[in-house]
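Following: one structure in structure tokens, then a few remarks.
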Amino acid sequence: MNSEYRAWSRGCRPGVHSTGSGKVTEMSGILRAAVEGAGGDELSSMAMPESYRAAFVRRDDVGMFEGLDATDKDPRKSLHVGEVPLPELAPDEAYVAVMASAVNFNTVWTSIFEPVPTFGFLDRLGKESVWGARHALGYQVVGSDASGVVLRSGSLVRNWRPGDRVTIHCNYVDDQDPTAHDDSMLALNQRIWGFETNFGGLADVTVVRANQLMPKPAHLSWEEAAVNALCNSTAYRMLVSRNGAPVTQGDRVLVWGATGGLGSFAVQYVLNAGGIPIGVVSSPEKADLLRDLGVDAVIDRSAAGYRFWKDEHTQDESEWRRLGKDIRTLVGDDPDIVFEHPGRQTMGASVFVCKRAGTIVTCAATSGYMIEYDNRHLWMKLKTIKGSHFANYREAWDANRQVCEGKILPPLSSVFGLTDVGEAAYQVHHNLHEGKIGVLCLAPQEGLGIEDRELRERVGEDRITLFRRHDT
């Protein structure tokens, strides 16, 4: 047993798991062994539980928010935490004991059943194969990030064994489909684990395909390691991979929501590439955080008071021009690349301010997906809008390596217990957070799982915990 777990376990009854909110729940022997740092041989000899604790939404609740605006739909009412049956393991899959997970916007979308209920995704997956049929249930276990310990690996799994410490990326793809090769994000049946599949990461156990597994960064705690894979991989594809709009030295890059889950990774990749990030935030506190992260060019939208929309149907070009002037004042030119993910609220401004022949790379639409922009500013100035969606395995692996080497910092701002996942999702839904919100699953407390303290010291405790310190 690792010393860090030994110190914790002296104060706990065997088989009892603290949830982080004063409540306890019984754990199976193999899950307790994983928490205590057991080796692969010991884990292999222990029986898997028949059920496990998970956060899920119910098919019967799909209509519970009908007639409400999106902002009034409350994840605290739709996300449940309880025991669910353990699914059978396919030959190319692994069971992972989840030490920590994280909340992403897709968990919010699932929990408020927008823009569509995700049970339709599960039903389509259920028709593909015998193994796919496991996913089409009356509930969906959510979550698209996780760090943990491999408990079992299927007969076709070659590179991962019980006891391996891993993080999990969310690209769920069938490599038997020819469209999945070359770039798996182009696969006709590509899905996001925990959003378009069942058995996601906000749970004590998850089921993943072997090609979702990556090494856990050894210098990070479980919760610090859990918050990176989805957003980090997404930002990597957008700004580093040839599949996106790769940054080169001197490029000016406008990053919306620059202290959020995606934006905080984006500005780090721009800085690492020798580019010049222009970070847009919404408060003086977020501006200070961004400067501490190393960004010199910061725009505080709350201070600038931009109003890109005159009303629900009409945008204001004069406000686009004012933003463009402010950008040029800060960095001397228009942005070569715009890192776009708010969608409807900002796309018109993004297309306008982008440099002639520049690229707007977009991966989401958190403020609305029905966007509007003046196409004259796109075609007459030879600009490009580039769509991007998560990352393939190679991109996710390379992005994870940047974290493992300490070159990319985890933007962990706060941590909840699994029983409080509804509140965590509520905060993400209403943008009450910075960076990423972590969720402890099996990990009994924060700060566990760190193996390489020498690398942690070199990277710097203050930098690794930058978002936590600003959150307090």
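Going by the structure tokens order, chains are called A, B, ..., each with residues numbered from 1, while ligands are numbered from 1 in the order shown.
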
*Residue set, region 290-408 of chain A restricted to strand (DSSP E), as a PyMOL selection string*: chain A and resi 297-300+309-311+314-315+337-340+359-362+384-387

Next, the residues of the selection above should be written as a PDB file, in the first residue's frame with C-alpha atoms.
ATOM      1  CA  ALA A 297      -2.479  41.143 -24.111  1.00  0.00           C
ATOM      2  CA  VAL A 298      -5.730  40.920 -22.154  1.00  0.00           C
ATOM      3  CA  ILE A 299      -9.187  42.307 -22.950  1.00  0.00           C
ATOM      4  CA  ASP A 300     -11.697  42.523 -20.111  1.00  0.00           C
ATOM      5  CA  TRP A 309     -25.924  42.420 -30.553  1.00  0.00           C
ATOM      6  CA  LYS A 310     -28.269  45.413 -30.578  1.00  0.00           C
ATOM      7  CA  ASP A 311     -31.153  43.046 -29.996  1.00  0.00           C
ATOM      8  CA  THR A 314     -29.401  42.510 -35.052  1.00  0.00           C
ATOM      9  CA  GLN A 315     -25.626  42.683 -34.625  1.00  0.00           C
ATOM     10  CA  ILE A 337      -6.141  33.093 -35.887  1.00  0.00           C
ATOM     11  CA  VAL A 338      -9.318  33.366 -33.851  1.00  0.00           C
ATOM     12  CA  PHE A 339      -9.949  30.555 -31.350  1.00  0.00           C
ATOM     13  CA  GLU A 340     -13.762  30.414 -31.454  1.00  0.00           C
ATOM     14  CA  THR A 359      -8.480  31.539 -39.942  1.00  0.00           C
ATOM     15  CA  ILE A 360     -11.348  31.292 -37.486  1.00  0.00           C
ATOM     16  CA  VAL A 361     -11.074  27.824 -35.949  1.00  0.00           C
ATOM     17  CA  THR A 362     -14.214  26.765 -34.097  1.00  0.00           C
ATOM     18  CA  THR A 384     -11.369  30.691 -43.576  1.00  0.00           C
ATOM     19  CA  ILE A 385     -13.698  29.173 -41.004  1.00  0.00           C
ATOM     20  CA  LYS A 386     -12.235  25.849 -39.891  1.00  0.00           C
ATOM     21  CA  GLY A 387     -14.409  23.380 -37.996  1.00  0.00           C
TER      22      GLY A 387
END

*asked:* Just want the 9 Å neighbourhood of Val150 (chain A), counted on only C-alpha atoms, with same-chain residues fewer than 6 positions away dropped. Output as a PyMOL selection string.
replied: chain A and resi 34+40+43+94-98+160-166

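Proximity ranking of A:Ala100, A:Val57, A:Ile112, A:Ala391 relative to Thr234 (chain A) places A:Ala391 first, based on only C-alpha atoms.
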
*All helix (DSSP H, G or I) residues (DSSP, backbone) inside region 400-458 of chain A, as a ChimeraX atom specification*: /A:400-404,418-429,453-458

*Nearest residue to Val141 (chain A) from the set A:Leu186, A:Leu122, A:Ala55, A:Leu156 (distances using only C-alpha atoms)*: A:Ala55

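Distances here use only C-alpha atoms; by that measure, the residue among A:Val81, A:Ala235, A:Leu86, A:Leu202 closest to Ile408 (chain A) is A:Ala235.
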
*Show which residues sit within 10 Å of region 205-210 of chain A, as a VMD selection string. Count only C-alpha atoms, and ignore same-chain residues fewer than 6 positions away.*
chain A and resid 31 49 51 to 54 86 to 99 141 to 143 146 148 to 154 156 to 160 168 to 174 193 to 194 198 to 199 441 to 442

Produce a file of the selected residues containing N, CA and C atoms, as a CSV table (one decimal), in the first residue's frame.
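Contents of selection_9.csv, freshly written:
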chain,number,residue,atom,x,y,z
A,31,LEU,N,-12.2,-2.3,-5.7
A,31,LEU,CA,-12.1,-0.9,-5.7
A,31,LEU,C,-11.3,-0.3,-4.5
A,49,PRO,N,-17.0,-5.9,-9.0
A,49,PRO,CA,-18.3,-5.7,-8.3
A,49,PRO,C,-19.4,-5.9,-9.3
A,51,SER,N,-22.1,-4.1,-9.2
A,51,SER,CA,-22.6,-2.7,-9.5
A,51,SER,C,-21.6,-1.7,-9.0
A,52,TYR,N,-21.8,-0.5,-9.3
A,52,TYR,CA,-20.9,0.6,-8.9
A,52,TYR,C,-21.6,1.9,-8.9
A,53,ARG,N,-21.1,2.9,-8.2
A,53,ARG,CA,-21.7,4.2,-8.0
A,53,ARG,C,-21.4,5.1,-9.2
A,54,ALA,N,-22.4,5.8,-9.7
A,54,ALA,CA,-22.2,6.6,-10.9
A,54,ALA,C,-23.2,7.8,-10.9
A,86,LEU,N,-22.8,-3.3,-13.4
A,86,LEU,CA,-21.5,-3.3,-14.1
A,86,LEU,C,-21.8,-4.0,-15.5
A,87,PRO,N,-21.5,-3.3,-16.6
A,87,PRO,CA,-21.7,-3.9,-17.9
A,87,PRO,C,-20.6,-5.0,-18.2
A,88,GLU,N,-20.9,-5.9,-19.1
A,88,GLU,CA,-19.9,-6.9,-19.5
A,88,GLU,C,-18.8,-6.2,-20.3
A,89,LEU,N,-17.6,-6.7,-20.2
A,89,LEU,CA,-16.5,-6.1,-20.8
A,89,LEU,C,-16.2,-6.7,-22.2
A,90,ALA,N,-16.2,-5.9,-23.2
A,90,ALA,CA,-15.9,-6.4,-24.6
A,90,ALA,C,-14.4,-6.7,-24.7
A,91,PRO,N,-14.0,-7.5,-25.7
A,91,PRO,CA,-12.6,-7.9,-25.8
A,91,PRO,C,-11.6,-6.7,-26.0
A,92,ASP,N,-12.0,-5.6,-26.6
A,92,ASP,CA,-11.1,-4.5,-26.8
A,92,ASP,C,-11.3,-3.4,-25.8
A,93,GLU,N,-11.8,-3.7,-24.6
A,93,GLU,CA,-12.1,-2.7,-23.6
A,93,GLU,C,-11.4,-3.0,-22.3
A,94,ALA,N,-11.4,-2.0,-21.4
A,94,ALA,CA,-10.9,-2.1,-20.1
A,94,ALA,C,-11.8,-1.5,-19.1
A,95,TYR,N,-11.8,-2.1,-17.9
A,95,TYR,CA,-12.5,-1.5,-16.7
A,95,TYR,C,-11.4,-0.6,-16.1
A,96,VAL,N,-11.8,0.6,-15.7
A,96,VAL,CA,-10.9,1.5,-15.0
A,96,VAL,C,-11.6,2.0,-13.7
A,97,ALA,N,-10.9,1.8,-12.6
A,97,ALA,CA,-11.3,2.4,-11.3
A,97,ALA,C,-11.1,3.9,-11.4
A,98,VAL,N,-12.1,4.7,-11.4
A,98,VAL,CA,-12.0,6.2,-11.6
A,98,VAL,C,-11.7,6.9,-10.3
A,99,MET,N,-10.5,7.4,-10.2
A,99,MET,CA,-10.1,8.2,-9.0
A,99,MET,C,-10.7,9.6,-9.0
A,141,VAL,N,-24.8,6.9,-17.8
A,141,VAL,CA,-23.8,7.4,-17.0
A,141,VAL,C,-22.9,8.4,-17.8
A,142,VAL,N,-22.8,9.6,-17.2
A,142,VAL,CA,-22.2,10.7,-18.0
A,142,VAL,C,-20.7,10.9,-17.6
A,143,GLY,N,-20.0,11.8,-18.3
A,143,GLY,CA,-18.7,12.2,-17.9
A,143,GLY,C,-17.7,11.8,-19.0
A,146,ALA,N,-11.4,11.5,-17.1
A,146,ALA,CA,-11.2,10.6,-16.0
A,146,ALA,C,-9.7,10.3,-15.8
A,148,GLY,N,-7.4,7.3,-13.5
A,148,GLY,CA,-7.7,6.2,-12.6
A,148,GLY,C,-6.7,5.0,-12.8
A,149,VAL,N,-7.2,3.8,-12.4
A,149,VAL,CA,-6.3,2.6,-12.4
A,149,VAL,C,-7.0,1.5,-13.2
A,150,VAL,N,-6.3,0.9,-14.1
A,150,VAL,CA,-6.9,-0.2,-14.9
A,150,VAL,C,-7.1,-1.4,-14.0
A,151,LEU,N,-8.4,-1.9,-14.0
A,151,LEU,CA,-8.7,-3.1,-13.2
A,151,LEU,C,-8.7,-4.4,-14.0
A,152,ARG,N,-9.2,-4.3,-15.2
A,152,ARG,CA,-9.2,-5.5,-16.1
A,152,ARG,C,-9.0,-5.0,-17.5
A,153,SER,N,-8.4,-5.8,-18.3
A,153,SER,CA,-8.3,-5.5,-19.8
A,153,SER,C,-8.8,-6.7,-20.6
A,154,GLY,N,-9.5,-6.4,-21.7
A,154,GLY,CA,-10.1,-7.5,-22.5
A,154,GLY,C,-9.0,-8.3,-23.2
A,156,LEU,N,-8.3,-8.7,-26.2
A,156,LEU,CA,-7.7,-8.0,-27.4
A,156,LEU,C,-6.8,-6.9,-27.0
A,157,VAL,N,-6.7,-6.5,-25.7
A,157,VAL,CA,-6.0,-5.3,-25.3
A,157,VAL,C,-4.5,-5.7,-25.1
A,158,ARG,N,-3.6,-5.0,-25.8
A,158,ARG,CA,-2.2,-5.4,-25.7
A,158,ARG,C,-1.3,-4.5,-24.8
A,159,ASN,N,-1.7,-3.2,-24.7
A,159,ASN,CA,-0.7,-2.3,-24.1
A,159,ASN,C,-1.0,-1.9,-22.7
A,160,TRP,N,-2.2,-2.4,-22.2
A,160,TRP,CA,-2.6,-1.9,-20.8
A,160,TRP,C,-2.9,-3.1,-20.0
A,168,ILE,N,-7.9,9.2,-19.5
A,168,ILE,CA,-8.8,8.7,-20.5
A,168,ILE,C,-9.2,9.9,-21.5
A,169,HIS,N,-9.0,9.7,-22.8
A,169,HIS,CA,-9.6,10.7,-23.7
A,169,HIS,C,-10.9,10.2,-24.2
A,170,CYS,N,-11.7,11.0,-24.8
A,170,CYS,CA,-13.1,10.7,-25.0
A,170,CYS,C,-13.5,10.3,-26.5
A,171,ASN,N,-12.5,10.1,-27.3
A,171,ASN,CA,-12.8,9.7,-28.7
A,171,ASN,C,-13.1,8.3,-28.8
A,172,TYR,N,-14.4,7.9,-29.0
A,172,TYR,CA,-14.9,6.6,-29.0
A,172,TYR,C,-15.1,6.2,-30.5
A,173,VAL,N,-14.3,5.3,-31.0
A,173,VAL,CA,-14.3,5.1,-32.5
A,173,VAL,C,-14.1,3.6,-32.7
A,174,ASP,N,-14.7,3.1,-33.8
A,174,ASP,CA,-14.6,1.7,-34.2
A,174,ASP,C,-13.6,1.6,-35.3
A,193,TRP,N,-17.3,9.6,-25.8
A,193,TRP,CA,-17.5,8.8,-24.7
A,193,TRP,C,-18.2,9.6,-23.5
A,194,GLY,N,-19.2,9.0,-22.9
A,194,GLY,CA,-19.8,9.7,-21.8
A,194,GLY,C,-20.8,10.7,-22.2
A,198,ASN,N,-22.7,5.3,-23.3
A,198,ASN,CA,-23.0,5.1,-21.9
A,198,ASN,C,-21.7,4.9,-21.1
A,199,PHE,N,-21.8,4.7,-19.8
A,199,PHE,CA,-20.7,4.2,-19.0
A,199,PHE,C,-19.5,5.2,-18.9
A,441,CYS,N,-14.0,10.9,-7.4
A,441,CYS,CA,-14.8,9.7,-7.5
A,441,CYS,C,-14.3,8.7,-6.4
A,442,LEU,N,-13.4,7.8,-6.7
A,442,LEU,CA,-12.9,6.9,-5.7
A,442,LEU,C,-11.8,7.6,-4.8

Per-residue nearest contacts region 393-430 of chain A to region 241-252 of chain A, cut-off 10 Å, using only C-alpha atoms, as CSV:
residue,atom,partner,partner_atom,distance
A:Arg394,CA,A:Ser241,CA,9.8
A:Glu395,CA,A:Ser241,CA,7.1
A:Asp398,CA,A:Ser241,CA,9.7
A:Ala399,CA,A:Ser241,CA,9.8

Selected residues written out, N, CA and C atoms, as a PDB file, in the first residue's frame:
ATOM      1  N   ARG A 394      -3.744  10.014 -31.839  1.00  0.00           N
ATOM      2  CA  ARG A 394      -2.379  10.555 -31.898  1.00  0.00           C
ATOM      3  C   ARG A 394      -2.340  11.973 -31.328  1.00  0.00           C
ATOM      4  N   GLU A 395      -3.313  12.793 -31.696  1.00  0.00           N
ATOM      5  CA  GLU A 395      -3.343  14.163 -31.188  1.00  0.00           C
ATOM      6  C   GLU A 395      -3.573  14.192 -29.677  1.00  0.00           C
ATOM      7  N   ASP A 398      -0.339  13.069 -27.959  1.00  0.00           N
ATOM      8  CA  ASP A 398       0.692  14.112 -27.976  1.00  0.00           C
ATOM      9  C   ASP A 398       0.337  15.260 -27.041  1.00  0.00           C
ATOM     10  N   ALA A 399      -0.945  15.604 -26.974  1.00  0.00           N
ATOM     11  CA  ALA A 399      -1.372  16.652 -26.041  1.00  0.00           C
ATOM     12  C   ALA A 399      -1.157  16.200 -24.600  1.00  0.00           C
TER      13      ALA A 399
END

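Once Val459 (chain A) and its same-chain neighbours fewer than 5 positions away are set aside, A:Glu405, A:Gly406, A:Lys407, A:Leu409, A:Glu454, A:Ile464 remain within 9 Å of it when counting only C-alpha atoms.
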
Restrict the selected residues to C-alpha atoms and save them as an mmCIF file, in the first residue's frame.
data_model
loop_
_atom_site.group_PDB
_atom_site.id
_atom_site.type_symbol
_atom_site.label_atom_id
_atom_site.label_comp_id
_atom_site.auth_asym_id
_atom_site.auth_seq_id
_atom_site.Cartn_x
_atom_site.Cartn_y
_atom_site.Cartn_z
ATOM 1 C CA GLU A 405 6.318 16.728 -19.361
ATOM 2 C CA GLY A 406 5.032 19.718 -17.409
ATOM 3 C CA LYS A 407 4.784 21.955 -20.486
ATOM 4 C CA LEU A 409 -0.526 23.207 -16.766
ATOM 5 C CA GLU A 454 10.946 16.030 -8.546
ATOM 6 C CA ILE A 464 0.451 23.873 -11.094
#
